[in-house]
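Next comes coords.cif, a file with mmCIF, C-alpha atoms.
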data_entry
#
loop_
_atom_site.label_atom_id
_atom_site.label_comp_id
_atom_site.auth_asym_id
_atom_site.auth_seq_id
_atom_site.Cartn_x
_atom_site.Cartn_y
_atom_site.Cartn_z
CA MET A 1 22.44 -13.08 -3.34
CA SER A 2 18.65 -13.17 -3.52
CA LYS A 3 16.77 -13.14 -6.78
CA TYR A 4 15.55 -9.66 -5.88
CA SER A 5 19.05 -8.35 -5.15
CA HIS A 6 20.33 -9.73 -8.44
CA LYS A 7 17.54 -8.08 -10.40
CA LEU A 8 17.95 -4.83 -8.51
CA LYS A 9 21.46 -4.48 -9.94
CA MET A 10 19.89 -4.29 -13.38
CA PHE A 11 18.07 -1.12 -12.40
CA CYS A 12 19.97 0.66 -9.61
CA VAL A 13 23.56 1.44 -8.82
CA LYS A 14 23.01 -0.03 -5.37
CA PRO A 15 20.05 -0.71 -3.06
CA GLY A 16 18.85 2.52 -1.51
CA ASP A 17 19.75 4.75 -4.44
CA ASP A 18 17.13 7.09 -5.86
CA CYS A 19 16.34 4.86 -8.80
CA ARG A 20 14.39 7.59 -10.55
CA LYS A 21 17.76 9.20 -11.20
CA THR A 22 19.98 6.15 -11.69
CA ILE A 23 17.77 3.59 -13.45
CA GLN A 24 18.87 2.68 -16.97
CA GLU A 25 17.31 0.45 -19.57
CA GLN A 26 19.41 -1.39 -22.11
CA VAL A 27 17.85 -0.88 -25.55
CA SER A 28 20.79 -2.31 -27.48
CA GLU A 29 24.39 -3.11 -26.60
CA GLN A 30 25.40 0.54 -26.91
CA ASP A 31 22.13 2.44 -26.50
CA TYR A 32 20.99 3.23 -22.97
CA CYS A 33 18.42 5.65 -21.64
CA LYS A 34 18.54 7.58 -18.44
CA VAL A 35 15.21 8.27 -16.79
CA HIS A 36 14.75 11.74 -15.36
CA HIS A 37 12.52 12.50 -12.41
CA ASP A 38 10.89 15.49 -14.11
CA SER A 39 9.79 13.62 -17.23
CA THR A 40 6.11 12.78 -17.51
CA GLN A 41 6.82 10.17 -20.18
CA PRO A 42 10.41 8.87 -20.07
CA LYS A 43 12.31 8.87 -23.36
CA LEU A 44 15.18 6.90 -24.80
CA SER A 45 18.38 8.70 -25.75
CA ASN A 46 17.19 8.84 -29.36
CA GLY A 47 13.98 10.65 -28.34
CA THR A 48 11.67 7.62 -28.58
CA GLN A 49 9.10 7.55 -25.79
CA LEU A 50 8.94 4.64 -23.39
CA GLN A 51 5.42 3.26 -23.12
CA CYS A 52 3.94 2.36 -19.77
CA ARG A 53 2.01 -0.89 -19.60
CA GLY A 54 -0.86 -0.13 -21.92
CA ASN A 55 -3.72 -2.33 -20.85
CA VAL A 56 -4.49 -3.68 -17.42
CA THR A 57 -6.65 -6.77 -17.86
CA PHE A 58 -8.38 -9.54 -15.97
CA LEU A 59 -6.64 -12.89 -15.56
CA LYS A 60 -7.27 -15.56 -18.15
CA THR A 61 -5.92 -18.30 -15.89
CA PRO A 62 -6.72 -18.17 -12.14
CA LYS A 63 -3.84 -17.76 -9.71
CA PRO A 64 -3.52 -18.29 -5.94
CA PHE A 65 -5.31 -15.59 -3.97
CA VAL A 66 -3.19 -12.87 -2.35
CA ALA A 67 -4.73 -10.64 0.31
CA LEU A 68 -3.85 -6.96 0.10
CA ALA A 69 -4.46 -6.39 3.79
CA SER A 70 -4.24 -3.03 5.47
CA PHE A 71 -5.55 -0.88 8.26
CA PRO A 72 -7.64 1.92 6.65
CA GLY A 73 -5.57 5.01 5.87
CA SER A 74 -2.40 3.03 5.14
CA GLY A 75 -2.19 3.63 1.39
CA ASN A 76 -4.19 0.74 -0.05
CA THR A 77 -5.39 2.78 -3.05
CA TRP A 78 -1.88 3.89 -3.97
CA THR A 79 -0.50 0.37 -3.57
CA ARG A 80 -3.26 -1.08 -5.75
CA GLN A 81 -2.46 1.38 -8.52
CA LEU A 82 1.21 0.41 -8.37
CA LEU A 83 0.37 -3.31 -8.33
CA GLU A 84 -1.90 -3.05 -11.36
CA ASP A 85 0.83 -1.33 -13.38
CA LEU A 86 3.42 -3.76 -12.04
CA THR A 87 1.48 -6.93 -12.88
CA GLY A 88 -0.79 -5.77 -15.72
CA VAL A 89 -3.70 -7.41 -13.87
CA TYR A 90 -6.63 -5.71 -12.16
CA THR A 91 -6.63 -5.92 -8.38
CA GLY A 92 -9.83 -7.07 -6.69
CA SER A 93 -11.54 -6.37 -3.40
CA ILE A 94 -13.94 -7.95 -0.95
CA TYR A 95 -15.84 -4.64 -1.24
CA TYR A 96 -17.73 -3.21 -4.20
CA GLU A 97 -15.95 0.01 -5.27
CA ASP A 98 -16.41 2.19 -8.35
CA ASN A 99 -12.85 3.48 -8.54
CA PHE A 100 -11.30 0.11 -9.49
CA ASN A 101 -12.62 -2.15 -12.25
CA GLY A 102 -11.46 -5.21 -10.31
CA SER A 103 -13.58 -4.21 -7.33
CA LYS A 104 -16.76 -4.53 -9.38
CA VAL A 105 -16.43 -8.27 -9.96
CA CYS A 106 -16.65 -11.38 -7.82
CA PRO A 107 -13.04 -12.39 -7.04
CA LEU A 108 -14.09 -16.05 -6.98
CA THR A 109 -14.59 -16.04 -10.75
CA GLY A 110 -10.80 -16.05 -11.18
CA GLY A 111 -10.31 -12.71 -12.93
CA VAL A 112 -8.25 -11.18 -10.12
CA PHE A 113 -5.80 -12.57 -7.60
CA ILE A 114 -4.63 -9.64 -5.45
CA ILE A 115 -7.63 -8.73 -3.30
CA LYS A 116 -8.08 -5.78 -0.96
CA THR A 117 -9.32 -6.36 2.57
CA HIS A 118 -9.44 -4.36 5.79
CA LEU A 119 -10.72 -7.34 7.78
CA ARG A 120 -9.04 -9.73 10.17
CA ARG A 121 -10.42 -12.71 8.31
CA ASN A 122 -9.00 -15.27 5.89
CA HIS A 123 -12.09 -15.22 3.76
CA VAL A 124 -12.79 -14.10 0.18
CA ASP A 125 -16.27 -13.03 -0.81
CA HIS A 126 -18.06 -10.14 -2.54
CA ILE A 127 -21.60 -8.92 -3.11
CA ARG A 128 -21.33 -9.87 -6.78
CA CYS A 129 -20.50 -13.45 -5.79
CA LYS A 130 -23.89 -13.72 -4.11
CA LYS A 131 -25.62 -12.44 -7.24
CA LEU A 132 -23.84 -15.16 -9.21
CA ASN A 133 -24.89 -17.73 -6.60
CA ILE A 134 -21.26 -18.38 -5.74
CA SER A 135 -21.57 -18.93 -2.02
CA THR A 136 -18.58 -21.14 -1.29
CA PRO A 137 -15.98 -18.98 0.48
CA ARG A 138 -12.31 -19.31 -0.32
CA SER A 139 -9.23 -18.61 1.77
CA PHE A 140 -6.22 -16.48 0.89
CA ASP A 141 -3.00 -18.30 0.03
CA GLN A 142 -0.63 -15.39 0.68
CA ALA A 143 -0.82 -11.84 1.95
CA ILE A 144 0.67 -8.46 1.18
CA ILE A 145 0.41 -6.40 4.36
CA ILE A 146 0.60 -2.62 4.06
CA LEU A 147 2.16 -1.17 7.20
CA ARG A 148 2.01 2.54 7.91
CA ASN A 149 2.77 4.52 11.03
CA PRO A 150 -0.53 4.20 12.96
CA TYR A 151 -0.42 7.88 13.93
CA ASP A 152 -0.41 8.94 10.28
CA ALA A 153 -2.86 6.21 9.25
CA MET A 154 -5.41 7.32 11.84
CA ILE A 155 -5.15 10.95 10.77
CA ALA A 156 -5.66 9.89 7.14
CA GLU A 157 -8.66 7.71 7.98
CA PHE A 158 -10.27 10.37 10.16
CA ASN A 159 -9.92 12.81 7.26
CA ARG A 160 -11.37 10.29 4.83
CA ARG A 161 -14.43 9.82 6.99
CA HIS A 162 -15.03 13.44 7.91
CA GLY A 163 -13.13 15.53 5.37
CA ARG A 164 -14.92 18.10 3.28
CA ARG A 165 -14.90 18.01 -0.50
CA ASP A 166 -14.22 21.27 -2.29
CA GLY A 167 -14.92 21.08 -6.01
CA GLY A 168 -14.72 17.31 -5.87
CA LYS A 169 -11.27 17.36 -4.29
CA LEU A 170 -10.47 15.58 -1.07
CA GLY A 171 -10.36 18.03 1.80
CA VAL A 172 -9.30 18.09 5.43
CA VAL A 173 -11.59 18.17 8.43
CA ASN A 174 -11.86 21.38 10.40
CA ARG A 175 -9.10 21.68 12.97
CA THR A 176 -11.60 21.87 15.83
CA ALA A 177 -12.72 18.30 15.01
CA PHE A 178 -9.42 17.05 16.42
CA THR A 179 -10.20 18.56 19.81
CA THR A 180 -13.51 16.72 20.25
CA ASP A 181 -14.39 13.59 22.19
CA ALA A 182 -15.17 11.99 18.82
CA TRP A 183 -11.49 12.24 17.82
CA LYS A 184 -10.35 10.83 21.17
CA SER A 185 -12.79 7.92 20.93
CA PHE A 186 -11.73 7.32 17.34
CA VAL A 187 -8.06 7.05 18.31
CA LYS A 188 -8.78 4.67 21.18
CA GLU A 189 -10.91 2.37 19.03
CA ARG A 190 -8.84 2.50 15.87
CA SER A 191 -5.51 2.07 17.63
CA GLU A 192 -6.75 -1.22 19.05
CA ASN A 193 -8.04 -2.23 15.60
CA TRP A 194 -4.64 -1.40 14.08
CA ARG A 195 -2.94 -3.66 16.63
CA GLN A 196 -5.36 -6.53 15.99
CA MET A 197 -5.01 -6.12 12.23
CA ILE A 198 -1.20 -6.37 12.29
CA LEU A 199 -1.19 -9.30 14.72
CA TYR A 200 -3.75 -11.23 12.70
CA TRP A 201 -2.00 -10.99 9.34
CA THR A 202 1.54 -11.47 10.67
CA GLY A 203 0.63 -14.22 13.12
CA THR A 204 -2.80 -15.83 13.06
CA PHE A 205 -2.88 -15.93 9.25
CA ASN A 206 0.08 -18.35 9.38
CA LYS A 207 0.79 -18.31 5.63
CA PRO A 208 3.46 -16.55 3.53
CA TYR A 209 3.24 -12.78 3.73
CA HIS A 210 5.18 -9.75 2.57
CA ILE A 211 5.12 -6.41 4.37
CA VAL A 212 5.02 -3.23 2.32
CA VAL A 213 6.15 -0.39 4.57
CA TYR A 214 4.38 2.75 3.39
CA GLU A 215 7.24 5.05 4.38
CA LYS A 216 9.83 2.92 2.58
CA MET A 217 7.69 2.74 -0.54
CA ALA A 218 7.34 6.51 -0.57
CA GLU A 219 11.09 6.92 -0.14
CA ASN A 220 12.32 4.30 -2.60
CA LYS A 221 9.71 2.73 -4.86
CA CYS A 222 12.37 1.04 -6.98
CA GLU A 223 13.67 -1.24 -4.25
CA GLU A 224 10.26 -1.90 -2.71
CA LEU A 225 8.62 -2.74 -6.03
CA MET A 226 11.41 -5.21 -6.79
CA LYS A 227 10.73 -6.96 -3.47
CA LEU A 228 7.01 -7.06 -4.25
CA ALA A 229 7.68 -8.52 -7.68
CA GLU A 230 9.82 -11.26 -6.20
CA PHE A 231 7.16 -12.15 -3.63
CA LEU A 232 4.51 -12.34 -6.36
CA SER A 233 6.85 -14.17 -8.78
CA VAL A 234 6.31 -11.42 -11.34
CA ASP A 235 8.94 -10.45 -13.89
CA ILE A 236 9.33 -6.70 -14.27
CA LEU A 237 10.02 -5.17 -17.66
CA PRO A 238 12.50 -2.28 -17.31
CA SER A 239 10.18 0.00 -19.30
CA VAL A 240 7.31 -0.75 -16.92
CA LEU A 241 9.44 0.04 -13.87
CA ASN A 242 10.69 3.22 -15.55
CA CYS A 243 7.15 4.43 -16.04
CA LEU A 244 6.08 3.45 -12.55
CA LEU A 245 8.85 5.55 -11.07
CA ASN A 246 8.07 8.54 -13.26
CA ASN A 247 4.29 8.48 -13.52
CA ASP A 248 3.07 7.71 -10.03
CA LYS A 249 -0.69 8.21 -9.79
CA ILE A 250 -1.17 10.08 -6.54
CA LYS A 251 -4.00 12.30 -7.76
CA TRP A 252 -6.12 11.24 -4.79
CA LYS A 253 -3.64 12.53 -2.22
CA ARG A 254 -4.88 15.27 0.10
CA LEU A 255 -3.03 18.57 0.34
CA LYS A 256 -2.60 18.88 4.09
CA PRO A 257 -2.09 22.08 6.05
CA SER A 258 0.99 22.21 8.27
CA TRP A 259 -0.97 21.54 11.47
CA VAL A 260 -2.04 18.07 10.27
CA ASN A 261 0.68 16.06 12.01
CA LYS A 262 1.01 13.74 14.98
CA GLU A 263 2.90 16.32 17.05
CA THR A 264 -0.11 18.63 16.96
CA LEU A 265 -3.04 16.22 16.98
CA PHE A 266 -1.98 13.61 19.58
CA ASP A 267 -1.74 14.81 23.15
CA GLU A 268 0.08 12.86 25.86
CA LYS A 269 -2.93 10.66 26.68
CA LEU A 270 -3.52 9.73 23.05
CA ARG A 271 0.18 9.03 22.51
CA THR A 272 0.12 6.67 25.48
CA ILE A 273 -2.80 4.76 23.93
CA VAL A 274 -1.12 4.37 20.54
CA ASN A 275 2.33 3.61 21.95
CA ASN A 276 0.84 0.89 24.16
CA ASP A 277 -0.68 -0.82 21.13
CA ILE A 278 2.58 -0.57 19.19
CA SER A 279 4.40 -2.05 22.20
CA LYS A 280 1.92 -4.93 22.40
CA VAL A 281 2.64 -5.83 18.79
CA LEU A 282 6.37 -5.62 19.49
CA LYS A 283 6.03 -8.04 22.41
CA SER A 284 3.86 -10.45 20.43
CA THR A 285 5.75 -10.69 17.15
CA SER A 286 8.82 -12.74 16.33
CA ASP A 287 9.27 -10.97 13.00
CA LYS A 288 12.49 -8.99 13.40
CA ASN A 289 11.90 -6.92 10.27
CA LEU A 290 8.49 -5.90 11.56
CA SER A 291 9.93 -5.05 14.97
CA SER A 292 12.60 -2.80 13.49
CA VAL A 293 9.91 -0.74 11.76
CA LEU A 294 7.56 -0.61 14.75
CA ILE A 295 10.25 0.70 17.08
CA ASN A 296 10.52 3.79 14.90
CA TYR A 297 6.74 4.31 15.13
CA LEU A 298 6.83 4.86 18.90
CA PHE A 299 6.23 8.53 19.60
CA TYR A 300 6.75 10.20 22.98
#

Show the structure stored in the file as C-alpha cells.
Amino acid sequence: MSKYSHKLKMFCVKPGDDCRKTIQEQVSEQDYCKVHHDSTQPKLSNGTQLQCRGNVTFLKTPKPFVALASFPGSGNTWTRQLLEDLTGVYTGSIYYEDNFNGSKVCPLTGGVFIIKTHLRRNHVDHIRCKKLNISTPRSFDQAIIILRNPYDAMIAEFNRRHGRRDGGKLGVVNRTAFTTDAWKSFVKERSENWRQMILYWTGTFNKPYHIVVYEKMAENKCEELMKLAEFLSVDILPSVLNCLLNNDKIKWKRLKPSWVNKETLFDEKLRTIVNNDISKVLKSTSDKNLSSVLINYLFY
C-alpha cells in the first residue's frame, strides 16, 4: 500500500468516494465531525468551526523548484489556489502577475518553490530577478503537469483572450467569433502547442513529474490532493483538507452558455487536427497513465 493510499483511508471510506460527504476528522477518541458539502465553514459536532489554513506565507528555507506546467486554459489558477492552501506557501511564477503575491517576486530568492510556467523550457527566471541583478538561471527539479482535455482548454483560452468583461466579470466571446478564420487558425496553432507542451514535460524534461488531470480534480479533489501531497512530501492536516473540499475558490470561473462546448465549436476538420495531435502524443509516450487519459480525449 502506498503512502498516499494509507493516508487516504484516514479521510475517505474508499478511493473514489465523494470525500466532501464522507470525510471525518478525529478531534478526540469519541468526538468526530462530518463535513457537509453545503457548509461554507465546516463545523465540529459540538458546533466549533474548523479553521482553514490562516496565513499563506513565503518560504523561510528554500526548497527544490517544482514547475507547475500547463497549456493555457488548463486550470493553472485554480490549481495554484489549491496548492497554496494545501502547502501554506505562496506559489510563484516565471511571469509577473497581480493576482498572486508569489508572482510578484523573483523565484530565485527562495521564497517560493512551486512555480507556474506555460513554456517548454527547464528554466526559472522573472522580471524581478533582473531588477535584483540575479541573472543566473536555475532549472526545475520536479514538475507538476496540469492536463486538461485540449478541446476544453482551447475554448477556455480563446475566451480568456477575447472574452468580454461585464461589470468586471469574465465573459464569453460572441458566438460568431467561433466561425471565423481566427478561431480555425487558433485551433491549428494551439493544438500543436498543446502536443509539444505535453511531450516536453513528460519526456524531454526527464525528471520526476506528477500529472494533475483537471477532470479528475474536478470530480474528486480529495483523492487528487492526497496524491499531490505525497508527490510534494507535504503532510496534510485533516482540518486543512476539510476546508479545501468545502471552500473551493472558483470565483474566477466563467458562466458559460450551453453552446460553449466541443460538439458545437469543433467541426470535422478541426476535430481531425486536434485528434491527430492527441494521437501523436499517444504514440510518443510510454506513460501508461497518461495514455489512458488521452484516449478518452479523442473526439470524433

Problem - Result set of the PyMOL selection byres ((chain A and resi 189-196) around 12) on the coordinates above, as a ChimeraX atom specification - result: /A:69-74,118-121,146-158,182-188,197-205,270-285,294

Filtering to C-alpha atoms, could you give me those residues as a tab-separated table (two decimals), keeping the file's coordinate frame?
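part25.tsv was written with the following content:
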chain	number	residue	atom	x	y	z
A	69	ALA	CA	-4.46	-6.39	3.79
A	70	SER	CA	-4.24	-3.03	5.47
A	71	PHE	CA	-5.55	-0.88	8.26
A	72	PRO	CA	-7.64	1.92	6.65
A	73	GLY	CA	-5.57	5.01	5.87
A	74	SER	CA	-2.40	3.03	5.14
A	118	HIS	CA	-9.44	-4.36	5.79
A	119	LEU	CA	-10.72	-7.34	7.78
A	120	ARG	CA	-9.04	-9.73	10.17
A	121	ARG	CA	-10.42	-12.71	8.31
A	146	ILE	CA	0.60	-2.62	4.06
A	147	LEU	CA	2.16	-1.17	7.20
A	148	ARG	CA	2.01	2.54	7.91
A	149	ASN	CA	2.77	4.52	11.03
A	150	PRO	CA	-0.53	4.20	12.96
A	151	TYR	CA	-0.42	7.88	13.93
A	152	ASP	CA	-0.41	8.94	10.28
A	153	ALA	CA	-2.86	6.21	9.25
A	154	MET	CA	-5.41	7.32	11.84
A	155	ILE	CA	-5.15	10.95	10.77
A	156	ALA	CA	-5.66	9.89	7.14
A	157	GLU	CA	-8.66	7.71	7.98
A	158	PHE	CA	-10.27	10.37	10.16
A	182	ALA	CA	-15.17	11.99	18.82
A	183	TRP	CA	-11.49	12.24	17.82
A	184	LYS	CA	-10.35	10.83	21.17
A	185	SER	CA	-12.79	7.92	20.93
A	186	PHE	CA	-11.73	7.32	17.34
A	187	VAL	CA	-8.06	7.05	18.31
A	188	LYS	CA	-8.78	4.67	21.18
A	197	MET	CA	-5.01	-6.12	12.23
A	198	ILE	CA	-1.20	-6.37	12.29
A	199	LEU	CA	-1.19	-9.30	14.72
A	200	TYR	CA	-3.75	-11.23	12.70
A	201	TRP	CA	-2.00	-10.99	9.34
A	202	THR	CA	1.54	-11.47	10.67
A	203	GLY	CA	0.63	-14.22	13.12
A	204	THR	CA	-2.80	-15.83	13.06
A	205	PHE	CA	-2.88	-15.93	9.25
A	270	LEU	CA	-3.52	9.73	23.05
A	271	ARG	CA	0.18	9.03	22.51
A	272	THR	CA	0.12	6.67	25.48
A	273	ILE	CA	-2.80	4.76	23.93
A	274	VAL	CA	-1.12	4.37	20.54
A	275	ASN	CA	2.33	3.61	21.95
A	276	ASN	CA	0.84	0.89	24.16
A	277	ASP	CA	-0.68	-0.82	21.13
A	278	ILE	CA	2.58	-0.57	19.19
A	279	SER	CA	4.40	-2.05	22.20
A	280	LYS	CA	1.92	-4.93	22.40
A	281	VAL	CA	2.64	-5.83	18.79
A	282	LEU	CA	6.37	-5.62	19.49
A	283	LYS	CA	6.03	-8.04	22.41
A	284	SER	CA	3.86	-10.45	20.43
A	285	THR	CA	5.75	-10.69	17.15
A	294	LEU	CA	7.56	-0.61	14.75

Exercise for the section: Go through A:Ser233, A:Asn133, A:Asn55, A:Asn246 one by one, measure the shortest atom-to-atom distance of each to Lys221 (chain A) using only C-alpha atoms, and give the residue with the smallest value. Expected result: A:Asn246

Practice task
Within 7 Å of Tyr90 (chain A), counting all atoms listed in the file, which residues show up once you throw out same-chain ones fewer than 4 positions away? Write them as a ChimeraX atom specification, please.
Solution key: /A:56-58,84,101-102,112

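Reported to one decimal place, the separation of CA of Glu224 (chain A) from CA of Ile295 (chain A) is 20.0 Å.
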
Problem - Explicit residues for the PyMOL selection byres ((chain A and resi 116) around 8) (as an MDAnalysis selection string) - result: chainID A and resid 67:70 76 91:95 114:115 117:118

Practice task
Choose the residue, out of A:Ile134, A:Thr179, A:Asn289, A:Pro62, that has the smallest atom-to-atom separation from His210 (chain A); count all atoms listed in the file.
Solution key: A:Asn289

Exercise for the section: May I ask for the distance between CA of Lys227 (chain A) and CA of Val212 (chain A), given in Å to one decimal place? Expected result: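 Pair CA of Lys227 (chain A) / CA of Val212 (chain A) returns 8.9 Å.
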
Fill in the blank from the handout: Between CA of Gly75 (chain A) and CA of Asn242 (chain A) lies a distance of 21.3 Å

Exercise for the section: For each of A:Ser135, A:Pro107, A:Arg175, A:His126, take the minimum atom-to-atom distance to Asn261 (chain A), counting only C-alpha atoms, then give the residue where this is smallest. Expected result: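 Selected residue with least distance to Asn261 (chain A): A:Arg175.
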
Problem - Residue nearest Met217 (chain A) - candidates A:Thr79, A:Asn159, A:Asp267, A:Asn296, atoms counted: all atoms listed in the file - result: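 Of A:Thr79, A:Asn159, A:Asp267, A:Asn296, the one nearest Met217 (chain A), counting all atoms listed in the file, is A:Thr79.
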
Practice task
Point out the residue among A:Leu225, A:Leu108, A:Leu290, A:Leu245 with the least atom-to-atom distance to Tyr209 (chain A), counting all atoms listed in the file.
Solution key: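 Between A:Leu225, A:Leu108, A:Leu290, A:Leu245, the residue approaching Tyr209 (chain A) most closely is A:Leu290.
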